[in-house]
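One file, upload-v2.cif, carrying mmCIF, C-alpha atoms and all ligand atoms:
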data_my_file
loop_
_atom_site.label_atom_id
_atom_site.label_comp_id
_atom_site.auth_asym_id
_atom_site.auth_seq_id
_atom_site.Cartn_x
_atom_site.Cartn_y
_atom_site.Cartn_z
CA MET A 1 0.00 0.00 0.00
CA ARG A 2 1.40 3.36 -0.97
CA GLY A 3 0.86 5.23 2.24
CA LYS A 4 0.66 8.99 2.10
CA THR A 5 3.14 8.92 4.92
CA SER A 6 2.94 12.66 5.52
CA ALA A 7 -0.57 12.05 6.88
CA PHE A 8 0.83 10.03 9.78
CA THR A 9 2.01 12.33 12.50
CA GLY A 10 2.65 12.15 16.20
CA LYS A 11 2.81 9.00 18.25
CA SER A 12 0.56 6.91 16.00
CA GLY A 13 2.73 7.51 12.92
CA ALA A 14 5.05 4.58 13.49
CA GLY A 15 2.10 2.28 14.07
CA GLU A 16 0.43 3.27 10.86
CA LEU A 17 3.61 2.89 8.84
CA ALA A 18 3.92 -0.56 10.36
CA ILE A 19 0.40 -1.32 9.19
CA ILE A 20 1.31 -0.35 5.64
CA GLU A 21 4.35 -2.64 5.82
CA ARG A 22 2.17 -5.48 7.12
CA ILE A 23 -0.33 -4.94 4.31
CA ARG A 24 2.47 -4.88 1.77
CA GLY A 25 3.88 -8.12 3.13
CA ARG A 26 0.54 -9.86 3.02
CA ALA A 27 -0.64 -8.45 -0.31
CA SER A 28 2.45 -9.44 -2.34
CA GLY A 29 2.16 -12.24 -4.84
CA GLY A 30 0.03 -10.46 -7.43
CA GLU A 31 2.98 -10.15 -9.78
CA GLY A 32 2.89 -12.63 -12.61
CA ARG A 33 -0.90 -12.60 -12.84
CA GLY A 34 -2.37 -9.34 -14.03
CA VAL A 35 -0.14 -7.18 -11.81
CA SER A 36 3.34 -6.42 -13.21
CA LEU A 37 4.16 -4.10 -10.29
CA GLY A 38 2.23 -4.00 -7.03
CA ILE A 39 2.51 -1.99 -3.80
CA GLY A 40 5.65 0.11 -3.31
CA ASP A 41 5.98 2.47 -6.27
CA ASP A 42 3.98 5.55 -7.23
CA CYS A 43 1.60 3.50 -9.34
CA ALA A 44 0.79 -0.16 -9.77
CA LEU A 45 1.36 -1.54 -13.26
CA LEU A 46 -1.37 -3.83 -14.55
CA ARG A 47 -1.30 -6.03 -17.60
CA LEU A 48 -4.29 -6.86 -19.78
CA LYS A 49 -4.30 -9.66 -22.33
CA ALA A 50 -4.46 -8.80 -26.04
CA GLY A 51 -8.01 -7.94 -27.09
CA GLU A 52 -9.21 -7.10 -23.57
CA GLU A 53 -10.57 -3.88 -22.15
CA ALA A 54 -10.50 -2.77 -18.51
CA ALA A 55 -13.64 -2.80 -16.33
CA VAL A 56 -13.23 -0.48 -13.34
CA THR A 57 -15.59 0.07 -10.39
CA THR A 58 -15.44 2.01 -7.14
CA ASP A 59 -17.57 1.73 -3.97
CA LEU A 60 -17.49 3.65 -0.72
CA SER A 61 -18.32 1.98 2.64
CA ILE A 62 -18.95 4.35 5.56
CA GLU A 63 -19.32 3.56 9.24
CA GLY A 64 -22.88 4.17 10.39
CA ARG A 65 -24.23 3.96 6.87
CA HIS A 66 -22.94 0.68 5.42
CA PHE A 67 -21.71 -1.01 8.59
CA ARG A 68 -21.67 -0.57 12.33
CA LEU A 69 -18.58 -1.21 14.43
CA GLU A 70 -20.72 -2.54 17.30
CA SER A 71 -22.61 -5.12 15.22
CA HIS A 72 -20.33 -6.05 12.31
CA PRO A 73 -17.15 -8.10 12.93
CA ALA A 74 -14.08 -6.39 11.43
CA GLU A 75 -13.36 -9.43 9.20
CA ALA A 76 -16.88 -9.21 7.72
CA ILE A 77 -16.50 -5.48 7.04
CA GLY A 78 -13.29 -6.24 5.12
CA HIS A 79 -15.00 -9.04 3.21
CA ARG A 80 -18.02 -6.89 2.37
CA THR A 81 -15.89 -3.96 1.24
CA LEU A 82 -14.24 -6.10 -1.45
CA ALA A 83 -17.41 -8.09 -2.22
CA ARG A 84 -19.18 -4.90 -3.31
CA GLY A 85 -16.47 -4.18 -5.89
CA LEU A 86 -16.15 -7.78 -7.09
CA SER A 87 -19.92 -8.00 -7.52
CA ASP A 88 -19.83 -5.13 -10.03
CA ILE A 89 -17.01 -6.90 -11.90
CA ALA A 90 -19.15 -10.07 -11.94
CA ALA A 91 -22.14 -8.17 -13.34
CA MET A 92 -20.09 -7.11 -16.37
CA GLY A 93 -18.85 -10.67 -16.97
CA ALA A 94 -15.28 -9.51 -16.32
CA ARG A 95 -12.43 -11.31 -14.58
CA PRO A 96 -10.90 -9.48 -11.60
CA VAL A 97 -7.33 -8.20 -12.13
CA ALA A 98 -6.49 -6.12 -9.04
CA ALA A 99 -8.01 -4.25 -6.10
CA PHE A 100 -7.08 -0.89 -4.56
CA LEU A 101 -8.14 -0.07 -1.02
CA SER A 102 -8.18 3.31 0.69
CA LEU A 103 -8.93 3.39 4.41
CA GLY A 104 -9.74 6.31 6.69
CA LEU A 105 -9.66 5.02 10.26
CA PRO A 106 -9.89 6.42 13.79
CA GLY A 107 -6.68 5.77 15.74
CA LYS A 108 -8.43 3.30 18.06
CA LEU A 109 -8.94 0.93 15.11
CA THR A 110 -5.29 0.84 14.06
CA ARG A 111 -3.85 0.23 17.56
CA ALA A 112 -3.88 -3.24 19.08
CA ARG A 113 -4.63 -3.58 22.78
CA VAL A 114 -2.54 -6.03 24.81
CA GLY A 115 -3.34 -9.58 23.75
CA LYS A 116 -5.68 -8.38 21.00
CA THR A 117 -5.38 -8.08 17.23
CA ALA A 118 -5.89 -4.55 15.91
CA TRP A 119 -9.23 -3.95 14.17
CA VAL A 120 -7.44 -3.06 10.93
CA ASP A 121 -5.63 -6.42 10.86
CA ARG A 122 -8.90 -8.28 11.35
CA PHE A 123 -10.44 -6.16 8.56
CA LEU A 124 -7.56 -7.18 6.27
CA GLU A 125 -7.96 -10.82 7.26
CA GLY A 126 -11.49 -10.81 5.83
CA PHE A 127 -10.57 -8.67 2.84
CA LEU A 128 -7.54 -10.72 1.78
CA ALA A 129 -9.26 -14.10 2.25
CA LEU A 130 -11.90 -13.08 -0.31
CA ALA A 131 -9.25 -11.49 -2.54
CA GLU A 132 -7.28 -14.72 -2.61
CA ARG A 133 -10.37 -16.81 -3.41
CA HIS A 134 -11.05 -14.65 -6.43
CA ARG A 135 -7.38 -14.21 -7.43
CA THR A 136 -7.59 -10.45 -6.96
CA PRO A 137 -4.26 -9.08 -5.67
CA LEU A 138 -4.35 -5.93 -3.54
CA ALA A 139 -2.14 -3.72 -5.71
CA GLY A 140 -2.32 -0.38 -3.88
CA GLY A 141 -4.23 1.99 -1.69
CA ASP A 142 -3.95 4.60 0.99
CA LEU A 143 -4.34 4.88 4.74
CA ALA A 144 -5.09 8.00 6.76
CA GLU A 145 -6.52 8.91 10.14
CA SER A 146 -10.20 9.84 10.05
CA ALA A 147 -12.93 10.69 12.59
CA ILE A 148 -15.09 7.79 11.35
CA ALA A 149 -14.17 4.58 9.56
CA VAL A 150 -14.33 4.78 5.77
CA ALA A 151 -13.25 2.12 3.26
CA ASP A 152 -13.09 2.91 -0.44
CA ILE A 153 -12.58 0.03 -2.82
CA VAL A 154 -11.54 0.17 -6.47
CA VAL A 155 -11.53 -3.10 -8.41
CA MET A 156 -10.15 -3.40 -11.90
CA GLY A 157 -11.27 -6.28 -14.08
CA ALA A 158 -10.72 -7.28 -17.69
CA VAL A 159 -13.16 -8.43 -20.35
CA PRO A 160 -12.77 -9.27 -24.05
CA ARG A 161 -13.29 -6.04 -25.99
CA GLY A 162 -16.93 -5.42 -26.84
CA GLU A 163 -18.19 -8.43 -24.86
CA ALA A 164 -18.98 -6.94 -21.42
CA MET A 165 -22.54 -7.58 -20.21
CA LEU A 166 -24.36 -4.26 -20.05
CA ARG A 167 -27.58 -3.08 -18.41
CA SER A 168 -28.84 -1.84 -21.77
CA GLY A 169 -29.31 -5.03 -23.79
CA ALA A 170 -32.70 -6.37 -22.59
CA ARG A 171 -35.45 -6.60 -25.24
CA PRO A 172 -39.21 -7.32 -25.04
CA GLY A 173 -39.76 -11.08 -24.89
CA ASP A 174 -36.52 -11.78 -22.97
CA LEU A 175 -36.83 -13.80 -19.76
CA ILE A 176 -35.54 -12.51 -16.41
CA TYR A 177 -33.31 -14.63 -14.15
CA VAL A 178 -31.55 -14.26 -10.83
CA THR A 179 -28.74 -16.26 -9.21
CA GLY A 180 -28.94 -17.57 -5.64
CA MET A 181 -31.52 -16.47 -3.08
CA LEU A 182 -32.95 -13.02 -2.36
CA GLY A 183 -33.63 -11.17 0.86
CA GLY A 184 -31.15 -13.11 3.00
CA SER A 185 -28.94 -10.09 3.60
CA SER A 186 -31.67 -7.78 4.90
CA ALA A 187 -33.20 -10.58 7.00
CA GLY A 188 -29.74 -11.33 8.42
CA LEU A 189 -29.07 -7.68 9.18
CA ARG A 190 -32.39 -7.42 11.01
CA LYS A 191 -31.31 -10.32 13.23
CA LEU A 192 -27.82 -8.93 13.66
CA VAL A 193 -28.98 -5.56 15.02
CA SER A 194 -31.91 -6.92 17.06
CA PRO A 195 -31.50 -6.92 20.85
CA GLU A 196 -31.66 -10.72 20.74
CA GLY A 197 -29.05 -10.85 17.98
CA LYS A 198 -26.71 -8.65 19.99
CA ARG A 199 -27.07 -10.85 23.06
CA LYS A 200 -26.33 -14.02 21.13
CA GLY A 201 -23.11 -12.49 19.82
CA LYS A 202 -20.93 -14.84 17.83
CA GLN A 203 -23.46 -17.65 18.07
CA ASN A 204 -25.66 -15.60 15.85
CA GLU A 205 -23.21 -15.49 12.99
CA ALA A 206 -24.51 -18.59 11.14
CA GLU A 207 -27.94 -16.98 10.90
CA VAL A 208 -26.59 -13.76 9.50
CA ALA A 209 -24.02 -15.22 7.10
CA ALA A 210 -25.93 -14.01 4.03
CA HIS A 211 -25.49 -10.48 5.32
CA LEU A 212 -21.95 -10.70 6.66
CA TRP A 213 -20.35 -12.90 4.00
CA PRO A 214 -22.01 -12.35 0.60
CA GLU A 215 -20.25 -14.24 -2.19
CA PRO A 216 -19.70 -12.21 -5.38
CA ARG A 217 -20.87 -14.19 -8.42
CA ILE A 218 -17.65 -13.94 -10.43
CA ALA A 219 -17.81 -17.51 -11.82
CA GLN A 220 -21.45 -17.10 -12.79
CA GLY A 221 -20.78 -13.78 -14.57
CA LEU A 222 -17.85 -15.31 -16.46
CA TRP A 223 -20.02 -18.27 -17.48
CA LEU A 224 -22.84 -16.06 -18.76
CA ARG A 225 -20.48 -13.80 -20.69
CA GLY A 226 -18.40 -16.70 -22.03
CA HIS A 227 -21.52 -18.44 -23.36
CA GLY A 228 -23.03 -15.21 -24.72
CA ALA A 229 -26.09 -16.23 -22.71
CA ALA A 230 -27.23 -12.89 -21.21
CA THR A 231 -28.67 -9.94 -23.11
CA ALA A 232 -28.32 -7.64 -20.05
CA ALA A 233 -27.05 -7.94 -16.49
CA ILE A 234 -26.74 -6.01 -13.22
CA ASP A 235 -25.81 -7.04 -9.68
CA ILE A 236 -28.40 -6.69 -6.92
CA SER A 237 -26.82 -4.25 -4.50
CA ASP A 238 -29.78 -1.96 -3.77
CA GLY A 239 -32.63 -4.49 -3.96
CA LEU A 240 -34.42 -6.28 -6.80
CA SER A 241 -37.06 -3.58 -7.29
CA THR A 242 -34.45 -0.82 -7.59
CA ASP A 243 -31.85 -2.70 -9.65
CA LEU A 244 -34.43 -4.19 -12.04
CA GLU A 245 -35.72 -0.69 -12.67
CA HIS A 246 -32.16 0.46 -13.44
CA LEU A 247 -31.80 -2.36 -15.97
CA CYS A 248 -35.19 -1.58 -17.54
CA THR A 249 -34.45 2.14 -17.77
CA GLU A 250 -31.09 1.53 -19.47
CA SER A 251 -32.67 -0.97 -21.88
CA GLY A 252 -35.82 1.08 -22.57
CA VAL A 253 -38.15 -1.75 -21.56
CA SER A 254 -40.61 -2.81 -18.82
CA ALA A 255 -40.64 -5.93 -16.64
CA GLU A 256 -43.19 -8.37 -15.21
CA ILE A 257 -42.13 -10.35 -12.12
CA ASP A 258 -43.85 -13.52 -10.84
CA ALA A 259 -43.94 -13.50 -7.02
CA GLU A 260 -44.23 -17.32 -7.08
CA GLY A 261 -40.92 -17.67 -8.92
CA LEU A 262 -38.84 -15.57 -6.52
CA PRO A 263 -36.16 -17.53 -4.64
CA VAL A 264 -36.85 -16.14 -1.16
CA ALA A 265 -33.94 -16.90 1.21
CA PRO A 266 -34.62 -18.91 4.40
CA GLY A 267 -35.73 -16.53 7.16
CA ALA A 268 -36.51 -13.74 4.67
CA THR A 269 -39.90 -12.31 3.73
CA LEU A 270 -41.21 -11.55 0.23
CA GLN A 271 -40.61 -7.87 1.03
CA ASP A 272 -36.96 -8.64 1.86
CA ALA A 273 -36.62 -10.50 -1.46
CA LEU A 274 -38.20 -7.65 -3.45
CA HIS A 275 -36.61 -4.67 -1.75
CA GLY A 276 -33.79 -5.82 0.54
CA GLY A 277 -30.34 -4.82 -0.67
CA GLU A 278 -26.83 -6.22 -0.47
CA ASP A 279 -27.64 -9.74 -1.69
CA TYR A 280 -25.01 -9.29 -4.46
CA GLU A 281 -26.72 -11.79 -6.72
CA LEU A 282 -26.76 -11.36 -10.49
CA LEU A 283 -29.97 -10.25 -12.21
CA PHE A 284 -29.88 -10.94 -15.94
CA THR A 285 -32.03 -11.32 -19.01
CA ALA A 286 -31.76 -13.84 -21.83
CA ARG A 287 -33.55 -14.56 -25.08
CA ARG A 288 -36.47 -16.95 -24.68
CA GLN A 289 -34.69 -19.59 -26.80
CA THR A 290 -31.40 -19.42 -24.83
CA LYS A 291 -31.01 -22.44 -22.56
CA ILE A 292 -30.12 -21.28 -19.03
CA PRO A 293 -29.07 -24.13 -16.73
CA GLY A 294 -30.71 -24.59 -13.30
CA ARG A 295 -27.30 -24.08 -11.67
CA ILE A 296 -24.25 -22.15 -12.82
CA ALA A 297 -20.95 -22.98 -11.10
CA GLY A 298 -22.85 -24.55 -8.20
CA VAL A 299 -25.27 -21.67 -7.63
CA PRO A 300 -28.99 -22.10 -8.44
CA VAL A 301 -30.53 -19.88 -11.09
CA SER A 302 -34.24 -18.98 -11.02
CA ARG A 303 -36.46 -17.58 -13.74
CA ILE A 304 -38.45 -14.76 -12.13
CA GLY A 305 -40.27 -12.98 -14.96
CA ARG A 306 -40.14 -11.49 -18.42
CA ILE A 307 -39.32 -8.27 -20.21
CA GLY A 308 -42.09 -6.28 -21.90
CA ARG A 309 -42.47 -3.09 -23.90
CA LEU A 310 -42.55 0.39 -22.42
CA ALA A 311 -45.98 1.37 -21.12
CA GLY A 312 -46.98 4.76 -22.55
CA GLY A 313 -43.34 5.51 -23.27
CA GLU A 314 -42.29 4.79 -19.67
CA THR A 315 -40.54 1.97 -17.86
CA SER A 316 -42.82 0.03 -15.54
CA VAL A 317 -42.01 -2.90 -13.27
CA ASN A 318 -44.99 -5.02 -12.20
CA LEU A 319 -45.47 -7.87 -9.77
CA TRP A 320 -47.87 -10.76 -10.40
CA ASP A 321 -49.20 -12.73 -7.46
CA SER A 322 -52.41 -14.60 -6.58
CA SER A 323 -54.33 -11.31 -6.40
CA GLY A 324 -53.24 -10.20 -9.86
CA ARG A 325 -50.87 -7.56 -11.18
CA ARG A 326 -49.68 -4.43 -9.40
CA PRO A 327 -46.86 -1.93 -9.88
CA LEU A 328 -43.71 -2.89 -8.01
CA ASP A 329 -42.62 0.42 -6.57
CA ARG A 330 -39.01 0.92 -5.77
CA GLY A 331 -38.37 0.18 -2.12
CA GLY A 332 -34.66 -0.20 -2.23
CA TRP A 333 -31.94 -0.29 0.29
CA GLU A 334 -31.20 2.70 2.46
CA HIS A 335 -28.66 1.00 4.68
CA PHE A 336 -28.75 2.75 8.07
CA GLU A 337 -30.23 6.02 6.92
CA LYS A 338 -32.73 6.01 9.79
CA PRO A 339 -30.83 5.40 13.01
CA GLY A 340 -32.05 2.33 14.87
CA GLU A 341 -33.88 0.91 11.88
CA ARG A 342 -32.98 -1.22 8.92
CA GLY A 343 -33.90 1.74 6.73
MG MG B 1 -23.52 -2.76 -9.38
#
What would the structure in this file look like if it were written as structure tokens?
Ligand SMILES: [Mg+2]
Amino acid sequence: MRGKTSAFTGKSGAGELAIIERIRGRASGGEGRGVSLGIGDDCALLRLKAGEEAAVTTDLSIEGRHFRLESHPAEAIGHRTLARGLSDIAAMGARPVAAFLSLGLPGKLTRARVGKTAWVDRFLEGFLALAERHRTPLAGGDLAESAIAVADIVVMGAVPRGEAMLRSGARPGDLIYVTGMLGGSSAGLRKLVSPEGKRKGKQNEAEVAAHLWPEPRIAQGLWLRGHGAATAAIDISDGLSTDLEHLCTESGVSAEIDAEGLPVAPGATLQDALHGGEDYELLFTARRQTKIPGRIAGVPVSRIGRIGRLAGGETSVNLWDSSGRRPLDRGGWEHFEKPGERG
């Protein structure tokens, strides 16, 4: 990590420089893959294969808005920071090349108490475990002291030129699919921040795994792109209702969703599945005649609806259930916007 070392002053300076050295030690090994030169110089040098173009995404995670120090383990915050970036790479059908991480942290999170591991090291533990699983070297970043914890992730991926999956390719008659299960993250978060969830502490973690440890669908995105199977794709970060509307708007189409077909996660409600965010599943469309398998790289795929024409020149997203058809209004993710609530 290229530390802006001038930012580290006073007694904590040495500690923060040590952190950068520890990160550098742990993050090495990217060279030889897509990273020609990693942490240590003014820039990282990345290498694309002939005929590829770069896919670059950035996401900001802020304490109190995207995570809470009192309810989220540091390792899970690290994991989720990278998962958000990798999920965007997956949605384009790209392969990850390298990640860049900038952290703003209060001093208490960078200092270890006696017999304890510093918060920042636990954060990196979670971050680097996911990075290794998806062969995404940490090739640079920055670290500075900040009043609240902030983690900014940049992930660079690569995709054959002209072949990235876009939001804009859906056409009337296409079918709509989603990977995995929906609503598990918001249901898990509800449990995590409930008084009961807090009491149960670590025991509770299995129940809230969908929230704490979302798995970016890199393999599924690569499969869809490699087989030319999807006409459009987006990852579900803000909730199905919001992200489907984004896809429809970019494609100039409408959508009809069947409530019966939605893969509602265990413990989640239909509302969680429709509007809960941070599931990081892939939402994609395909031509009616394209054969989409029931599982891609081990993850189930569900058909949830179909694409239609604009209604009166406008995008509309509708939900069909036993009582008929009604507009599916956006009720997306607001993280912790309202203190004390899921938001
Ligand atoms: Mg996205």
As lines of an AutoDock Vina configuration file, please report the centre and edge lengths, rounded to one decimal in Å, of the axis-aligned box that holds all listed atoms of stretch 53-56 of chain A with 8 Å of padding on each of the six sides.
center_x = -12.1
center_y = -2.2
center_z = -17.7
size_x = 19.1
size_y = 19.4
size_z = 24.8
Subject >> Pick from A:Leu189, A:Leu244, A:Val299, A:Ala164, whichever lies nearest to A:Glu215 using all atoms listed in the file >> reply: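 Looking at the shortest contact to A:Glu215, the residue is A:Val299.
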**OP:** Could I get the residue neighbourhood of ligand MG 1 (chain B) at 12 Å, counting all atoms listed in the file, as number ranges by chain?
**Re:** A: 56-59, 83-93, 165-167, 216-217, 233-240, 242-244, 246-247, 277-283
**OP:** Considering only C-alpha atoms, return as a PyMOL selection string whatever protein or nucleic-acid residues lie within 7 Å of A:Gln220, sequence-local ones (same chain, fewer than 3 positions apart) excluded.
**Re:** chain A and resi 217+223-224+296-297
Original post:
In Å, with one decimal, what is the gap from atom CA of A:Gly40 to atom CA of A:Lys108?
Top reply: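 Between these atoms lies a distance of 25.8 Å.
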**OP:** Counting all atoms listed in the file, find the residues whose atoms lie at most 12 Å from (0.7, 0.5, -14.3) (file coordinates) and write them out as a PyMOL selection string.
**Re:** chain A and resi 31+34-39+41-48+98+139-140+156
**OP:** Calculate how many Å separate atom CA of A:Pro160 from atom CA of A:Ser102, rounding to one decimal.
**Re:**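 It comes out at 28.1 Å.
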Subject >> A:Leu262 surroundings by only C-alpha atoms, 12 Å radius, close-in-sequence under 5 positions cut, as number ranges by chain >> reply: A: 176-183, 240, 257, 268-274, 283, 300-305, 319-321
Subject >> Local residues around (-14.1, -10.9, 2.7), at most 8 Å away, using only C-alpha atoms, as JSON, numbers by chain >> reply: {"A": [75, 76, 77, 78, 79, 80, 81, 82, 83, 125, 126, 127, 128, 129, 130, 131, 213]}
Original post:
Separation of atom CA of A:Gly184 and atom CA of A:Ala265, in Å?
Top reply: 5.0 Å
